[in-house]
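Just below is one structure, and these are the notes that go with it.
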Amino acid sequence: MFDSIIIGGGHNGLVCATYLAKAGQKVVLLEAGDQVGGLAKKREFAQGFNAPVANYVQHFSDQVVKDLGLSKYGYANQGADSPLIAVGSDGQSISVLGDDLEGASDSDQAAYKTLRRSLKKYAKALNSSWNTAIPKVGDNSLREIGVFAKMGLNIRLMGKEDMQEFLRVFSLPMRDLMDENFESPLLKAALSWDGLQGARLAPRSPNSAVLALLLKMSSSTEGGVSLGSSQLISALTQAAIDAGVTIKTNTRVEQVLVSADESTVVATGVKLTDGEHINARRVVSGVDPKSTFMKLVPADYQEIEFIGRIDRFRSKGLVGKLNIALKSTPKFSADVADNGRLILADKMDDIEFAFDDTKYDLPSEHPVLEVTIPSSVDSNVAPAGKALLQANVMYLPQHIEGGWSEQAKLAYVQKLIAVLEKYAPGIGELVEAAELLTPDDLEKEYGVTGGHWHHGEFAADQILMMRPTYGAAQYNSPIENLHLCSAGCHPGGGLMGAAGRNAAKEILR
Amino acid sequence: MTSNLMTSHEAYTNEHGKLSPFHERQAERNVRGAWAEWNGYKFAEYYYDAQYEYFCVRNQCGTYDISPMQKYMIEGEQALAMLNRMVTRDLAKCKVGRAMYTVWCTEEGRLIDDGAVFRLADDKYMLTCGAPMIAWLRRAKLGFTNVTVTDVTDDIAALSIQGPTSYSVLRTLNLTGDDALETLKLFDVREFTFNGKPITVSRTGFTGDLGYELWVDPAHAIELWDAIYAQQDNYGVHPYGEAATDMLRIEAGFIMPFVDFNEAHKTIHFRHDHSPLELNLDWLVNFKKPMFNGKKALLEEAKTGPEYRLVKLDIEGNKPAEEAWLYADKNCTKEIGYVTSAMWSPVAKANIALAMVKPDALKGDIYAEIYYTQELRQKMKVAKCELKDKPFWAPERARAVPPFQY
């Protein structure tokens, strides 16, 4: 009998499993696909080209790296080694690395330094709250008071002026924050990107873009990006195996087994698609909350209001992934570093207009892109001499009129290559193979509801003790011994690992 | 250029009530034009006089139009699972051809509504209730893929026929079916043929007396009405309205929404709604069931005990204790509850009431502070109350099989 079954081998599942195993538990991790890693797992879309959907690491938890000794397995948070580069269609570019801007006006450079200083301060104040379960509101326990007091204190300790400023900006639309600080439209578009990507937000959307940006600044890399998520996944996998986790791939869970008597409803194990039952003291779901409660747990055992709240957990992904196998490294008109993260948007309105189309279930007529060339830093991702280009495409709805047929996708790939051609003339002729993954593809291939990167919008009503919803926000659920550890839990998404760690800590408490 | 602005009366022209399939005949008999409204249907408050209609039902029989009652068909492989998650009773015990009275609650164990579930086939149930429930049913369906919920309120004409001669009237309709009408037990549901048309008959009602509910295609409603009223001279059939129903149901001990209880989704103040335990409906709450909505909360409540209990009171004197406060002492210093429904009961010859009382006060004395008017003078009296276990009206004929004939 296992102590814990982990459903799903995404990075949070791996992290949670490893913590539990290190604490002495007998743990089995069940992965439906043929390899672990979730959205960051290897993906060979053309021979010799490895293009994971989540292809870079931005804010992986320092604490997890330390606790699990990931450096032993060849992984370290490498810091911001990949500059963010704002690339204009006119060939202009501004490069952002750490606190420095290159190619920007003096006033923008000064403003950037000031803003960075504030944002880093806010990010630091919030850090303790990302790394702990957020207690239920209203139980008045010492723990509840402690956690909220610490959050409040950290914010207060920034000093009066910084605190007031934080409270003012944390829910600002990205556009307001950018307009207040910068003059270059190109720079504004690029700097707003990290607050928006992966969410149903555009520069003018109110809500939580600044908070999302701060979450991405939570690790020692301060929001900087390292290309190559494969090292992270292989380190996590080795750490799990060494800790004693049994990893079973090609093992799809069909149902969480639940037993109920007069007074309790308890999870007892899982049933696999081949009919096998595996029993355990607890079941930990590393798949998104909607899949967990709408598909895996029988509806009979769930209260109507609870499943209703899960049902309306907003999880409609809007980001597409473009992978292109190239004959050689493309040449951009602008002067850009090969290892850069290029934002192809001239101004914030380009992003805004691209978003507008999705309100009517249309893919963006003029998409905006974040482009990386992973082959420039990792020779393993493409055959020798060739190049791999990966782009995040905003915005693509999961469902469009007529559906995402092969034809529709091919046509959209052509549109995207035409966009790239503007920035890197001649790139079209270098293309050997290309694929577009829509949110619908992500849902079908990776099992993530809505194809949403973060399992659910990172928005004011879906964070902290409301993520995914009350009744399941402390990595537990209304069903005893059924736990959650995915990005659908606090603190949320991206390759971070905090949800997996927090879940393990709660289970072991 | 013409103006799009409507004059004030035009703004309301489409707001008149829907007409029941029985309306044409009922309108002929609604001699005092006392119309009310129920779920958007024009509906009789009374036809001649509430007291008179009440006596018709208790002594002969009456028809009550339940077409405005909300009716939902719940069908499919998971119909039972879906309903069983929603309601507090175990519907697995409801066989085909049977109906069950039940309640359903929020996850906090507060009563959303009560109603009846009719099992029409293995995978087919009809749920009826007093107020629209489609929004809740849609939510209650979440997580189940193999079940459909259809609002059939406007597709079924329903007429309740209640009172001692109700069976004798129905006999004359020459209903044919697999089982004889006389074999129907309380809460049985059967299909019959009436003049070559299908009719569903259930031995159910809201009066505590012998009675049936008839369910037909609206196209056959008038034909059914006329066949029943052809027996008026023999068995004294009369229509009765909302006011008479209220008297009949208090005697039977049945609760009424917004009178004895509030629907949880329609209250704003904390705990102005009720749990089934408060309403003394423990017998409807099956804790042996693995799961039902609100079970966790109700288990907790059962441990600590409910805040109030709905009880039946026999009150001295003849002044109805409407809206009376209840006290543990004659001087009215220790408040212990309040009356929800009260009337002078002609059949029980008693001054009766339904009331909410704090459970620990049930062992001691109960006094009602009754206000009434006498020739425009405000009067008050304090009357001793006696707890009653049984309904005030539960005659043998209500359950007798075969039913008594007249």
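Here's how to read the names in the structure tokens: chain A, B, ... by the order shown, residue numbers from 1 in each chain, ligand numbers from 1 in the order shown.
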Checklist entry - Taking only C-alpha atoms into account, what are the residues of chain A at most 7 Å from chain B, put as a list in words? => result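 Putting it all together, I get Ala260, Asp261, Glu262, Met294, Ala299, Asp300, Tyr301, Glu303, Ile304, Glu305, Ile307 and Gly308 of chain A.
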Write out, as a CSV table (one decimal), in the first residue's frame, the residues just selected, with N, CA, C and O atoms.
```csv
chain,number,residue,atom,x,y,z
A,260,ALA,N,-17.5,6.1,0.9
A,260,ALA,CA,-18.3,6.9,1.8
A,260,ALA,C,-19.1,6.1,2.8
A,260,ALA,O,-19.6,5.0,2.4
A,261,ASP,N,-19.2,6.6,4.0
A,261,ASP,CA,-20.1,5.9,4.9
A,261,ASP,C,-21.0,7.0,5.5
A,261,ASP,O,-21.1,8.1,4.9
A,262,GLU,N,-21.6,6.7,6.7
A,262,GLU,CA,-22.6,7.7,7.2
A,262,GLU,C,-22.0,9.1,7.5
A,262,GLU,O,-22.6,10.1,7.4
A,294,MET,N,-14.1,17.6,-12.2
A,294,MET,CA,-15.1,17.4,-13.2
A,294,MET,C,-15.0,16.0,-13.9
A,294,MET,O,-15.9,15.5,-14.4
A,299,ALA,N,-19.0,12.5,-9.6
A,299,ALA,CA,-19.9,13.7,-9.2
A,299,ALA,C,-20.7,13.4,-8.0
A,299,ALA,O,-21.1,14.3,-7.2
A,300,ASP,N,-21.1,12.1,-7.9
A,300,ASP,CA,-22.0,11.7,-6.8
A,300,ASP,C,-21.5,12.2,-5.4
A,300,ASP,O,-22.3,12.3,-4.5
A,301,TYR,N,-20.2,12.3,-5.2
A,301,TYR,CA,-19.7,12.6,-3.9
A,301,TYR,C,-19.3,14.1,-3.7
A,301,TYR,O,-18.7,14.4,-2.7
A,303,GLU,N,-20.4,18.2,-3.4
A,303,GLU,CA,-21.5,19.1,-3.2
A,303,GLU,C,-21.7,20.0,-4.4
A,303,GLU,O,-20.8,20.3,-5.1
A,304,ILE,N,-23.0,20.3,-4.6
A,304,ILE,CA,-23.4,21.1,-5.8
A,304,ILE,C,-22.7,22.4,-5.9
A,304,ILE,O,-22.2,22.8,-6.9
A,305,GLU,N,-22.7,23.2,-4.8
A,305,GLU,CA,-22.1,24.5,-4.8
A,305,GLU,C,-20.6,24.4,-5.1
A,305,GLU,O,-20.0,25.2,-5.8
A,307,ILE,N,-18.9,22.0,-6.7
A,307,ILE,CA,-18.5,21.7,-8.1
A,307,ILE,C,-19.0,22.8,-9.0
A,307,ILE,O,-18.3,23.0,-10.1
A,308,GLY,N,-19.9,23.6,-8.6
A,308,GLY,CA,-20.3,24.8,-9.3
A,308,GLY,C,-19.2,25.8,-9.3
A,308,GLY,O,-18.9,26.5,-10.4
```
Item to check | Nearby residues (only C-alpha atoms) at most 10 Å from Pro206 in chain A, same-chain spacing under 4 positions excluded, as a ChimeraX atom specification | outcome: /A:171-176,201-202,210,459
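Neighbours of Ala337 in chain A closer than or equal to 12 Å, with only C-alpha atoms counted and sequence neighbours fewer than 4 positions away skipped, come out as Asp81, Ser82, Pro83, Leu84, Ile85, Ala86, Val87, Ser93, Ile94, Ser95, Val96, Leu97, Glu102, Thr329, Pro330, Lys331, Phe332, Ser333, Arg341, Leu342, Val371, Thr372, Ile373, Pro374, Ser376 and Val377 of chain A.
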Per-residue nearest contacts of range 146-178 of chain B to range 244-267 of chain B (12 Å; only C-alpha atoms) as CSV:
```
residue,atom,partner,partner_atom,distance
B:Ser160,CA,B:Thr245,CA,11.1
B:Ile161,CA,B:Thr245,CA,11.9
B:Gln162,CA,B:Leu248,CA,10.2
B:Gly163,CA,B:Leu248,CA,10.4
```
Produce a file of the selected residues containing C-alpha atoms, as a PDB file, in the first residue's frame.
```
ATOM      1  CA  SER B 160     -55.666  17.827  -8.039  1.00  0.00           C
ATOM      2  CA  ILE B 161     -58.946  16.243  -6.925  1.00  0.00           C
ATOM      3  CA  GLN B 162     -59.205  15.960  -3.161  1.00  0.00           C
ATOM      4  CA  GLY B 163     -61.806  14.899  -0.643  1.00  0.00           C
TER       5      GLY B 163
END
```
Checklist entry - Which distance in Å separates CA of Ile268 in chain B and CA of Asp113 in chain B, to one decimal? => result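 CA of Asp113 in chain B lies at a distance of 15.9 Å from CA of Ile268 in chain B.
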Checklist entry - How many Å lie between CA of His59 in chain A and CA of Gly224 in chain A, rounded to one decimal? => result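 Here the two named atoms are 7.8 Å from each other.
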